[in-house]
file my_file.json (JSON, C-alpha atoms (C1' of nucleotides))
[["chain", "number", "residue", "atom", "x", "y", "z"],
["A", 1, "MET", "CA", -4.75, -5.89, -29.39],
["A", 2, "VAL", "CA", -3.50, -7.01, -26.03],
["A", 3, "THR", "CA", -5.19, -10.09, -24.66],
["A", 4, "ALA", "CA", -2.38, -12.03, -22.97],
["A", 5, "CYS", "CA", -3.42, -11.15, -19.46],
["A", 6, "SER", "CA", -7.16, -11.35, -19.86],
["A", 7, "THR", "CA", -9.26, -13.84, -17.97],
["A", 8, "GLY", "CA", -12.23, -12.89, -20.08],
["A", 9, "LEU", "CA", -14.15, -11.85, -16.97],
["A", 10, "HIS", "CA", -13.60, -8.13, -16.72],
["A", 11, "GLY", "CA", -12.41, -7.04, -20.15],
["A", 12, "PRO", "CA", -9.01, -7.16, -21.82],
["A", 13, "HIS", "CA", -7.15, -6.60, -18.54],
["A", 14, "ASP", "CA", -7.92, -7.99, -15.13],
["A", 15, "VAL", "CA", -6.41, -7.05, -11.77],
["A", 16, "PHE", "CA", -7.48, -10.44, -10.44],
["A", 17, "ASN", "CA", -5.01, -12.04, -12.81],
["A", 18, "PRO", "CA", -1.59, -11.95, -11.11],
["A", 19, "ASP", "CA", 0.18, -12.00, -14.48],
["A", 20, "CYS", "CA", -1.61, -8.96, -15.87],
["A", 21, "PRO", "CA", 0.62, -5.86, -15.74],
["A", 22, "CYS", "CA", -2.35, -3.80, -14.59],
["A", 23, "ARG", "CA", -1.99, -5.55, -11.23],
["A", 24, "ASP", "CA", 1.36, -3.81, -10.74],
["A", 25, "LEU", "CA", -0.37, -0.55, -11.57],
["A", 26, "LEU", "CA", -2.97, -1.24, -8.90],
["A", 27, "ASP", "CA", -0.21, -2.07, -6.44],
["A", 28, "LEU", "CA", 1.45, 1.22, -7.30],
["A", 29, "ILE", "CA", -1.50, 3.54, -6.64],
["A", 30, "ALA", "CA", -3.28, 1.45, -4.00],
["A", 31, "ASN", "CA", -0.81, 2.80, -1.48],
["A", 32, "LYS", "CA", -1.11, 5.45, 1.21],
["A", 33, "TRP", "CA", 1.78, 7.61, 0.07],
["A", 34, "SER", "CA", 0.89, 7.39, -3.61],
["A", 35, "ALA", "CA", -2.67, 8.43, -2.80],
["A", 36, "LEU", "CA", -1.46, 11.41, -0.78],
["A", 37, "VAL", "CA", 1.28, 12.47, -3.23],
["A", 38, "ILE", "CA", -1.07, 12.42, -6.20],
["A", 39, "GLY", "CA", -3.71, 14.28, -4.20],
["A", 40, "ALA", "CA", -1.21, 16.93, -3.17],
["A", 41, "LEU", "CA", 0.01, 17.40, -6.74],
["A", 42, "GLU", "CA", -3.48, 17.75, -8.18],
["A", 43, "PRO", "CA", -3.68, 21.57, -7.87],
["A", 44, "GLY", "CA", -0.36, 22.05, -9.61],
["A", 45, "PRO", "CA", 3.41, 21.44, -9.64],
["A", 46, "MET", "CA", 5.23, 21.25, -6.33],
["A", 47, "ARG", "CA", 8.77, 21.03, -5.07],
["A", 48, "PHE", "CA", 10.16, 18.12, -3.09],
["A", 49, "GLY", "CA", 10.35, 19.99, 0.19],
["A", 50, "GLU", "CA", 6.87, 21.44, 0.00],
["A", 51, "LEU", "CA", 5.48, 18.04, -0.92],
["A", 52, "ARG", "CA", 7.25, 16.52, 2.04],
["A", 53, "SER", "CA", 5.87, 19.07, 4.49],
["A", 54, "ARG", "CA", 2.32, 18.79, 3.09],
["A", 55, "LEU", "CA", 2.33, 15.04, 3.42],
["A", 56, "ASN", "CA", 3.30, 15.59, 7.00],
["A", 57, "GLY", "CA", 4.96, 12.41, 8.13],
["A", 58, "VAL", "CA", 6.76, 10.86, 5.19],
["A", 59, "SER", "CA", 10.52, 10.37, 5.34],
["A", 60, "SER", "CA", 12.51, 11.83, 2.47],
["A", 61, "LYS", "CA", 13.71, 8.38, 1.58],
["A", 62, "VAL", "CA", 10.24, 6.92, 1.18],
["A", 63, "LEU", "CA", 9.01, 10.04, -0.59],
["A", 64, "THR", "CA", 11.88, 9.78, -3.07],
["A", 65, "ALA", "CA", 11.12, 6.11, -3.70],
["A", 66, "THR", "CA", 7.41, 6.83, -4.14],
["A", 67, "LEU", "CA", 8.10, 9.66, -6.59],
["A", 68, "ARG", "CA", 10.51, 7.50, -8.59],
["A", 69, "ARG", "CA", 7.97, 4.73, -8.96],
["A", 70, "LEU", "CA", 5.23, 7.16, -9.97],
["A", 71, "GLU", "CA", 7.60, 8.74, -12.48],
["A", 72, "GLU", "CA", 8.53, 5.38, -13.92],
["A", 73, "ALA", "CA", 4.85, 4.60, -14.47],
["A", 74, "ALA", "CA", 4.41, 8.00, -16.15],
["A", 75, "LEU", "CA", 2.00, 9.35, -13.52],
["A", 76, "ILE", "CA", 4.24, 12.31, -12.72],
["A", 77, "ASP", "CA", 6.96, 14.32, -14.41],
["A", 78, "ARG", "CA", 10.16, 15.30, -12.62],
["A", 79, "GLU", "CA", 11.89, 18.50, -13.64],
["A", 80, "VAL", "CA", 15.27, 19.57, -12.28],
["A", 81, "PHE", "CA", 16.29, 23.22, -12.38],
["A", 82, "ALA", "CA", 20.01, 23.94, -12.39],
["A", 83, "GLU", "CA", 19.86, 26.50, -9.62],
["A", 84, "VAL", "CA", 21.42, 27.17, -6.24],
["A", 85, "PRO", "CA", 19.80, 26.07, -4.01],
["A", 86, "PRO", "CA", 18.64, 23.21, -6.21],
["A", 87, "ARG", "CA", 15.00, 23.01, -7.20],
["A", 88, "VAL", "CA", 13.10, 19.91, -8.30],
["A", 89, "GLU", "CA", 9.48, 20.16, -9.34],
["A", 90, "TYR", "CA", 6.98, 17.36, -9.65],
["A", 91, "THR", "CA", 3.94, 17.61, -11.91],
["A", 92, "LEU", "CA", 1.03, 15.28, -12.62],
["A", 93, "THR", "CA", 0.89, 13.94, -16.15],
["A", 94, "ASP", "CA", -2.45, 13.42, -17.90],
["A", 95, "LEU", "CA", -2.36, 9.84, -16.73],
["A", 96, "GLY", "CA", -1.61, 11.08, -13.22],
["A", 97, "HIS", "CA", -4.60, 13.41, -13.33],
["A", 98, "SER", "CA", -6.80, 10.50, -14.39],
["A", 99, "ALA", "CA", -5.56, 8.54, -11.38],
["A", 100, "ALA", "CA", -6.25, 11.49, -9.11],
["A", 101, "VAL", "CA", -10.00, 11.04, -9.61],
["A", 102, "PRO", "CA", -10.47, 7.60, -8.02],
["A", 103, "LEU", "CA", -7.80, 8.43, -5.43],
["A", 104, "ALA", "CA", -9.70, 11.54, -4.33],
["A", 105, "ALA", "CA", -12.75, 9.33, -3.86],
["A", 106, "LEU", "CA", -10.66, 6.99, -1.74],
["A", 107, "ARG", "CA", -9.40, 9.79, 0.51],
["A", 108, "THR", "CA", -12.92, 11.18, 0.82],
["A", 109, "TRP", "CA", -14.18, 7.75, 1.79],
["A", 110, "ALA", "CA", -11.53, 7.46, 4.51],
["A", 111, "GLU", "CA", -12.49, 10.85, 5.93],
["A", 112, "GLY", "CA", -16.19, 10.06, 5.84],
["A", 113, "ALA", "CA", -15.95, 6.49, 7.06],
["A", 114, "LEU", "CA", -14.39, 7.65, 10.29],
["A", 115, "ASP", "CA", -17.65, 9.30, 11.29],
["A", 116, "HIS", "CA", -19.43, 6.05, 10.50],
["A", 117, "GLU", "CA", -16.96, 4.17, 12.69],
["A", 118, "LEU", "CA", -17.24, 6.62, 15.55],
["A", 119, "SER", "CA", -21.03, 6.62, 15.51],
["A", 120, "ARG", "CA", -20.89, 2.83, 15.71],
["A", 121, "ARG", "CA", -19.63, 2.97, 19.29],
["B", 1, "MET", "CA", -18.36, 16.54, 17.61],
["B", 2, "VAL", "CA", -14.93, 15.38, 16.68],
["B", 3, "THR", "CA", -12.52, 18.10, 15.71],
["B", 4, "ALA", "CA", -9.23, 17.01, 17.24],
["B", 5, "CYS", "CA", -7.71, 15.88, 13.98],
["B", 6, "SER", "CA", -9.01, 18.56, 11.70],
["B", 7, "THR", "CA", -6.73, 20.98, 9.92],
["B", 8, "GLY", "CA", -9.75, 22.98, 8.86],
["B", 9, "LEU", "CA", -8.84, 22.47, 5.22],
["B", 10, "HIS", "CA", -10.91, 19.51, 4.14],
["B", 11, "GLY", "CA", -13.64, 19.17, 6.73],
["B", 12, "PRO", "CA", -13.70, 17.62, 10.19],
["B", 13, "HIS", "CA", -11.18, 14.90, 9.23],
["B", 14, "ASP", "CA", -8.13, 15.16, 7.04],
["B", 15, "VAL", "CA", -5.96, 12.38, 5.65],
["B", 16, "PHE", "CA", -3.14, 14.89, 5.26],
["B", 17, "ASN", "CA", -3.01, 15.19, 9.03],
["B", 18, "PRO", "CA", -0.87, 12.30, 10.32],
["B", 19, "ASP", "CA", -2.65, 12.35, 13.67],
["B", 20, "CYS", "CA", -6.13, 11.96, 12.22],
["B", 21, "PRO", "CA", -7.39, 8.39, 12.60],
["B", 22, "CYS", "CA", -8.82, 8.55, 9.09],
["B", 23, "ARG", "CA", -5.25, 8.27, 7.86],
["B", 24, "ASP", "CA", -5.07, 4.76, 9.27],
["B", 25, "LEU", "CA", -8.28, 4.01, 7.45],
["B", 26, "LEU", "CA", -6.73, 5.23, 4.21],
["B", 27, "ASP", "CA", -3.67, 3.11, 4.88],
["B", 28, "LEU", "CA", -5.94, 0.12, 5.41],
["B", 29, "ILE", "CA", -7.86, 0.26, 2.14],
["B", 30, "ALA", "CA", -5.19, 1.91, -0.04],
["B", 31, "ASN", "CA", -3.58, -1.49, -0.36],
["B", 32, "LYS", "CA", -3.55, -4.02, -3.19],
["B", 33, "TRP", "CA", -4.88, -6.96, -1.20],
["B", 34, "SER", "CA", -7.57, -4.94, 0.56],
["B", 35, "ALA", "CA", -8.74, -3.60, -2.80],
["B", 36, "LEU", "CA", -8.93, -7.10, -4.27],
["B", 37, "VAL", "CA", -10.51, -8.72, -1.20],
["B", 38, "ILE", "CA", -13.25, -6.12, -0.97],
["B", 39, "GLY", "CA", -13.84, -6.34, -4.70],
["B", 40, "ALA", "CA", -14.13, -10.12, -4.53],
["B", 41, "LEU", "CA", -16.56, -9.96, -1.62],
["B", 42, "GLU", "CA", -18.83, -7.41, -3.26],
["B", 43, "PRO", "CA", -21.16, -9.92, -4.96],
["B", 44, "GLY", "CA", -21.71, -11.84, -1.72],
["B", 45, "PRO", "CA", -20.22, -13.87, 1.14],
["B", 46, "MET", "CA", -17.26, -16.08, 0.40],
["B", 47, "ARG", "CA", -15.20, -18.72, 2.17],
["B", 48, "PHE", "CA", -11.51, -18.38, 2.93],
["B", 49, "GLY", "CA", -10.36, -20.88, 0.34],
["B", 50, "GLU", "CA", -12.48, -19.52, -2.48],
["B", 51, "LEU", "CA", -11.31, -16.02, -1.66],
["B", 52, "ARG", "CA", -7.72, -17.20, -1.75],
["B", 53, "SER", "CA", -8.09, -18.85, -5.14],
["B", 54, "ARG", "CA", -9.93, -15.87, -6.64],
["B", 55, "LEU", "CA", -7.22, -13.48, -5.50],
["B", 56, "ASN", "CA", -4.81, -15.75, -7.27],
["B", 57, "GLY", "CA", -1.45, -15.08, -5.69],
["B", 58, "VAL", "CA", -1.93, -14.19, -2.06],
["B", 59, "SER", "CA", -0.41, -16.37, 0.66],
["B", 60, "SER", "CA", -2.77, -17.65, 3.33],
["B", 61, "LYS", "CA", -0.81, -15.80, 5.96],
["B", 62, "VAL", "CA", -1.14, -12.42, 4.26],
["B", 63, "LEU", "CA", -4.78, -13.08, 3.40],
["B", 64, "THR", "CA", -5.48, -13.89, 7.05],
["B", 65, "ALA", "CA", -3.75, -10.72, 8.20],
["B", 66, "THR", "CA", -5.63, -8.63, 5.63],
["B", 67, "LEU", "CA", -8.98, -10.13, 6.64],
["B", 68, "ARG", "CA", -8.26, -9.57, 10.33],
["B", 69, "ARG", "CA", -7.45, -5.91, 9.77],
["B", 70, "LEU", "CA", -10.55, -5.40, 7.64],
["B", 71, "GLU", "CA", -12.63, -7.13, 10.30],
["B", 72, "GLU", "CA", -11.17, -4.97, 13.04],
["B", 73, "ALA", "CA", -12.14, -1.85, 11.09],
["B", 74, "ALA", "CA", -15.66, -3.25, 10.64],
["B", 75, "LEU", "CA", -15.41, -3.51, 6.84],
["B", 76, "ILE", "CA", -16.13, -7.22, 6.86],
["B", 77, "ASP", "CA", -17.82, -9.75, 9.10],
["B", 78, "ARG", "CA", -16.31, -13.14, 9.89],
["B", 79, "GLU", "CA", -18.63, -16.02, 10.58],
["B", 80, "VAL", "CA", -17.41, -19.41, 11.76],
["B", 81, "PHE", "CA", -19.61, -22.47, 11.24],
["B", 82, "ALA", "CA", -19.12, -25.37, 13.63],
["B", 83, "GLU", "CA", -18.83, -28.00, 10.93],
["B", 84, "VAL", "CA", -16.41, -30.65, 9.73],
["B", 85, "PRO", "CA", -14.60, -29.66, 7.63],
["B", 86, "PRO", "CA", -14.60, -26.17, 9.15],
["B", 87, "ARG", "CA", -16.22, -23.35, 7.21],
["B", 88, "VAL", "CA", -15.53, -19.66, 7.64],
["B", 89, "GLU", "CA", -17.42, -17.09, 5.64],
["B", 90, "TYR", "CA", -16.51, -13.47, 5.06],
["B", 91, "THR", "CA", -19.14, -10.85, 4.27],
["B", 92, "LEU", "CA", -18.95, -7.16, 3.52],
["B", 93, "THR", "CA", -20.58, -4.91, 6.11],
["B", 94, "ASP", "CA", -22.43, -1.77, 5.05],
["B", 95, "LEU", "CA", -19.24, 0.15, 5.64],
["B", 96, "GLY", "CA", -17.40, -2.41, 3.53],
["B", 97, "HIS", "CA", -19.88, -1.96, 0.71],
["B", 98, "SER", "CA", -19.36, 1.79, 0.86],
["B", 99, "ALA", "CA", -15.61, 1.24, 0.52],
["B", 100, "ALA", "CA", -16.18, -1.08, -2.42],
["B", 101, "VAL", "CA", -17.34, 1.84, -4.55],
["B", 102, "PRO", "CA", -14.11, 3.89, -4.68],
["B", 103, "LEU", "CA", -12.07, 0.68, -4.73],
["B", 104, "ALA", "CA", -13.90, -0.54, -7.82],
["B", 105, "ALA", "CA", -13.04, 2.76, -9.47],
["B", 106, "LEU", "CA", -9.41, 2.23, -8.53],
["B", 107, "ARG", "CA", -9.31, -1.27, -10.05],
["B", 108, "THR", "CA", -11.05, -0.02, -13.16],
["B", 109, "TRP", "CA", -8.50, 2.78, -13.46],
["B", 110, "ALA", "CA", -5.63, 0.29, -13.22],
["B", 111, "GLU", "CA", -7.15, -1.86, -15.96],
["B", 112, "GLY", "CA", -7.80, 1.14, -18.21],
["B", 113, "ALA", "CA", -4.53, 2.95, -17.55],
["B", 114, "LEU", "CA", -2.60, 0.01, -18.90],
["B", 115, "ASP", "CA", -3.99, 0.69, -22.37],
["B", 116, "HIS", "CA", -2.95, 4.29, -21.97],
["B", 117, "GLU", "CA", 0.54, 3.20, -21.00],
["B", 118, "LEU", "CA", 0.82, 0.75, -23.86],
["B", 119, "SER", "CA", -0.38, 3.22, -26.44],
["B", 120, "ARG", "CA", 2.27, 5.61, -25.18],
["B", 121, "ARG", "CA", 5.04, 3.44, -26.62],
["C", 1, "DC", "C1'", 20.36, 25.14, 1.92],
["C", 2, "DG", "C1'", 17.48, 21.61, -0.71],
["C", 3, "DG", "C1'", 17.30, 17.00, -2.54],
["C", 4, "DG", "C1'", 18.58, 13.08, -2.05],
["C", 5, "DA", "C1'", 21.97, 8.76, -0.94],
["C", 6, "DT", "C1'", 23.47, 5.56, 2.60],
["C", 7, "DC", "C1'", 23.43, 2.86, 6.89],
["C", 8, "DC", "C1'", 20.76, 0.55, 10.10],
["C", 9, "DC", "C1'", 16.74, -1.31, 12.20],
["C", 10, "DA", "C1'", 11.49, -2.50, 12.47],
["C", 11, "DT", "C1'", 7.75, -4.19, 10.20],
["C", 12, "DA", "C1'", 5.44, -6.26, 6.14],
["C", 13, "DT", "C1'", 5.25, -9.63, 2.73],
["C", 14, "DG", "C1'", 5.96, -14.15, 0.81],
["C", 15, "DA", "C1'", 7.05, -19.39, 0.16],
["C", 16, "DT", "C1'", 6.93, -23.63, 2.44],
["C", 17, "DA", "C1'", 5.80, -26.45, 5.81],
["C", 18, "DC", "C1'", 2.56, -28.34, 9.42],
["C", 19, "DT", "C1'", -1.85, -28.80, 12.46],
["C", 20, "DG", "C1'", -6.83, -28.71, 14.79],
["D", 1, "DC", "C1'", -10.57, -26.40, 5.30],
["D", 2, "DA", "C1'", -8.78, -22.72, 7.50],
["D", 3, "DG", "C1'", -5.56, -21.32, 9.27],
["D", 4, "DT", "C1'", -0.61, -21.16, 12.34],
["D", 5, "DA", "C1'", 4.64, -21.71, 12.47],
["D", 6, "DT", "C1'", 8.94, -20.90, 10.51],
["D", 7, "DC", "C1'", 12.22, -18.93, 7.72],
["D", 8, "DA", "C1'", 13.79, -15.72, 3.98],
["D", 9, "DT", "C1'", 13.29, -11.45, 1.63],
["D", 10, "DA", "C1'", 11.27, -6.84, 0.55],
["D", 11, "DT", "C1'", 9.76, -2.60, 1.99],
["D", 12, "DG", "C1'", 9.02, 1.18, 5.54],
["D", 13, "DG", "C1'", 11.10, 4.52, 8.40],
["D", 14, "DG", "C1'", 14.62, 7.26, 11.20],
["D", 15, "DA", "C1'", 19.19, 9.31, 11.44],
["D", 16, "DT", "C1'", 23.09, 10.79, 9.26],
["D", 17, "DC", "C1'", 26.00, 12.21, 5.49],
["D", 18, "DC", "C1'", 26.87, 14.28, 1.03],
["D", 19, "DC", "C1'", 27.09, 17.24, -3.00],
["D", 20, "DG", "C1'", 26.12, 21.19, -5.78]]
call {"tool": "encode", "arguments": {"input": "my_file.json", "output": "structure tokens"}}
result
Amino acid sequence: MVTACSTGLHGPHDVFNPDCPCRDLLDLIANKWSALVIGALEPGPMRFGELRSRLNGVSSKVLTATLRRLEEAALIDREVFAEVPPRVEYTLTDLGHSAAVPLAALRTWAEGALDHELSRR
Amino acid sequence: MVTACSTGLHGPHDVFNPDCPCRDLLDLIANKWSALVIGALEPGPMRFGELRSRLNGVSSKVLTATLRRLEEAALIDREVFAEVPPRVEYTLTDLGHSAAVPLAALRTWAEGALDHELSRR
DNA sequence: CGGGATCCCATATGATACTG
DNA sequence: CAGTATCATATGGGATCCCG
């Protein structure tokens, strides 16, 4: 049982506790590029270049860093094929698919909220 | 009707289109501090200091910047009371409450995913 | 040629003061 | 109390180079 980071307010883990590791997890996915990468990977595996063009605006450096962090947290798998030209495919893990659900809701909110904002004027 | 930023793939607005304003909205709430601030404000209005201590780890400068951005996007209201000592209260708007729903799911995911990660080892 | 790594700069974040 | 000012560091982003 893991209770070290609990405040006793929201269950065993609590994002409001800065020492709980789940806060790092929140920091990881509560991020524009993470939200878009995971959304783009939801239908199936994708190569680096295709991912980059779908995200439409991310630099290869930032995309690489984002993918590395997601891989480290076991949200995606990275598979390298020894081919010429080289091919690298990224795939959502089960954990990644579970994250895709709330992230899809977040993207949908952003798209819907814009209409709310516009009608406000 | 607003169609300028649509790619025709996901409806009138599309976060995958870098020119769609909804992408800025995603960038605004897909952020650790925004997620925590909005979550903390969900039960009701709160003062700056209480907010700061609940978030447990944010600097006043970053909290101020976060609150200003959320206010500018009409997710929160800021009310200043002419008292001594000064009192400033922050309240979720209707739009803010609508954002609180997917953000709560995101926080819950982070807290639950940690168990998944731990059990993986 | 694709997938980065590296260099350099702009902005964001953070700790520590200090003030109306 | 609710910030602002200042300084240090981390991250974001563009351009270029590299290596198989």
call {"tool": "closest_atom_pairs", "arguments": {"input": "my_file.json", "of": "chain B", "to": "chain D", "cutoff": "9 Å", "atoms": "all atoms listed in the file", "output": "Markdown table"}}
result
| residue | atom | partner | partner_atom | distance |
| --- | --- | --- | --- | --- |
| B:Phe48 | CA | D:DA2 | C1' | 6.9 |
| B:Gly49 | CA | D:DC1 | C1' | 7.4 |
| B:Ser60 | CA | D:DG3 | C1' | 7.5 |
| B:Lys61 | CA | D:DG3 | C1' | 8.0 |
| B:Thr64 | CA | D:DG3 | C1' | 7.8 |
| B:Val84 | CA | D:DC1 | C1' | 8.5 |
| B:Pro85 | CA | D:DC1 | C1' | 5.7 |
| B:Pro86 | CA | D:DC1 | C1' | 5.6 |
| B:Arg87 | CA | D:DC1 | C1' | 6.7 |
| B:Val88 | CA | D:DA2 | C1' | 7.4 |
call {"tool": "write_last_selection", "arguments": {"input": "my_file.json", "atoms": "C-alpha atoms", "output": "mmCIF file, in the frame of the given file"}}
result
data_model
loop_
_atom_site.group_PDB
_atom_site.id
_atom_site.type_symbol
_atom_site.label_atom_id
_atom_site.label_comp_id
_atom_site.auth_asym_id
_atom_site.auth_seq_id
_atom_site.Cartn_x
_atom_site.Cartn_y
_atom_site.Cartn_z
ATOM 1 C CA PHE B 48 -11.510 -18.380 2.930
ATOM 2 C CA GLY B 49 -10.360 -20.880 0.340
ATOM 3 C CA SER B 60 -2.770 -17.650 3.330
ATOM 4 C CA LYS B 61 -0.810 -15.800 5.960
ATOM 5 C CA THR B 64 -5.480 -13.890 7.050
ATOM 6 C CA VAL B 84 -16.410 -30.650 9.730
ATOM 7 C CA PRO B 85 -14.600 -29.660 7.630
ATOM 8 C CA PRO B 86 -14.600 -26.170 9.150
ATOM 9 C CA ARG B 87 -16.220 -23.350 7.210
ATOM 10 C CA VAL B 88 -15.530 -19.660 7.640
#
call {"tool": "atom_distance", "arguments": {"input": "my_file.json", "atom1": "CA of Asp14 in chain A", "atom2": "CA of His97 in chain B"}}
result
20.7 Å
call {"tool": "atom_distance", "arguments": {"input": "my_file.json", "atom1": "CA of Ser34 in chain A", "atom2": "CA of Leu41 in chain B"}}
result
24.7 Å
call {"tool": "interface_residues", "arguments": {"input": "my_file.json", "of": "chain C", "to": "chain A", "cutoff": "9 Å", "atoms": "all atoms listed in the file", "output": "tab-separated table (two decimals) with C-alpha atoms (C1' of nucleotides), in the coordinates of the input"}}
result
chain	number	residue	atom	x	y	z
C	1	DC	C1'	20.36	25.14	1.92
C	2	DG	C1'	17.48	21.61	-0.71
C	3	DG	C1'	17.30	17.00	-2.54
C	4	DG	C1'	18.58	13.08	-2.05
C	5	DA	C1'	21.97	8.76	-0.94
call {"tool": "interface_residues", "arguments": {"input": "my_file.json", "of": "chain A", "to": "chain B", "cutoff": "8 Å", "atoms": "only C-alpha atoms", "output": "PDB file with C-alpha atoms, keeping the file's coordinate frame"}}
result
ATOM      1  CA  HIS A  13      -7.150  -6.600 -18.540  1.00  0.00           C
ATOM      2  CA  ASP A  14      -7.920  -7.990 -15.130  1.00  0.00           C
ATOM      3  CA  VAL A  15      -6.410  -7.050 -11.770  1.00  0.00           C
ATOM      4  CA  PHE A  16      -7.480 -10.440 -10.440  1.00  0.00           C
ATOM      5  CA  ASN A  17      -5.010 -12.040 -12.810  1.00  0.00           C
ATOM      6  CA  PRO A  18      -1.590 -11.950 -11.110  1.00  0.00           C
ATOM      7  CA  PRO A  21       0.620  -5.860 -15.740  1.00  0.00           C
ATOM      8  CA  CYS A  22      -2.350  -3.800 -14.590  1.00  0.00           C
ATOM      9  CA  ARG A  23      -1.990  -5.550 -11.230  1.00  0.00           C
ATOM     10  CA  LEU A  25      -0.370  -0.550 -11.570  1.00  0.00           C
ATOM     11  CA  LEU A  26      -2.970  -1.240  -8.900  1.00  0.00           C
ATOM     12  CA  ASP A  27      -0.210  -2.070  -6.440  1.00  0.00           C
ATOM     13  CA  ILE A  29      -1.500   3.540  -6.640  1.00  0.00           C
ATOM     14  CA  ALA A  30      -3.280   1.450  -4.000  1.00  0.00           C
ATOM     15  CA  ASN A  31      -0.810   2.800  -1.480  1.00  0.00           C
ATOM     16  CA  LYS A  32      -1.110   5.450   1.210  1.00  0.00           C
ATOM     17  CA  ALA A  35      -2.670   8.430  -2.800  1.00  0.00           C
ATOM     18  CA  LEU A  36      -1.460  11.410  -0.780  1.00  0.00           C
ATOM     19  CA  ARG A  54       2.320  18.790   3.090  1.00  0.00           C
ATOM     20  CA  LEU A  55       2.330  15.040   3.420  1.00  0.00           C
ATOM     21  CA  ASN A  56       3.300  15.590   7.000  1.00  0.00           C
ATOM     22  CA  GLY A  57       4.960  12.410   8.130  1.00  0.00           C
ATOM     23  CA  ALA A  73       4.850   4.600 -14.470  1.00  0.00           C
ATOM     24  CA  ALA A  74       4.410   8.000 -16.150  1.00  0.00           C
ATOM     25  CA  LEU A  95      -2.360   9.840 -16.730  1.00  0.00           C
ATOM     26  CA  SER A  98      -6.800  10.500 -14.390  1.00  0.00           C
ATOM     27  CA  ALA A  99      -5.560   8.540 -11.380  1.00  0.00           C
ATOM     28  CA  PRO A 102     -10.470   7.600  -8.020  1.00  0.00           C
ATOM     29  CA  LEU A 103      -7.800   8.430  -5.430  1.00  0.00           C
ATOM     30  CA  ALA A 105     -12.750   9.330  -3.860  1.00  0.00           C
ATOM     31  CA  LEU A 106     -10.660   6.990  -1.740  1.00  0.00           C
ATOM     32  CA  ARG A 107      -9.400   9.790   0.510  1.00  0.00           C
ATOM     33  CA  TRP A 109     -14.180   7.750   1.790  1.00  0.00           C
ATOM     34  CA  ALA A 110     -11.530   7.460   4.510  1.00  0.00           C
ATOM     35  CA  GLU A 111     -12.490  10.850   5.930  1.00  0.00           C
ATOM     36  CA  GLY A 112     -16.190  10.060   5.840  1.00  0.00           C
ATOM     37  CA  ALA A 113     -15.950   6.490   7.060  1.00  0.00           C
ATOM     38  CA  LEU A 114     -14.390   7.650  10.290  1.00  0.00           C
ATOM     39  CA  HIS A 116     -19.430   6.050  10.500  1.00  0.00           C
ATOM     40  CA  GLU A 117     -16.960   4.170  12.690  1.00  0.00           C
TER      41      GLU A 117
END
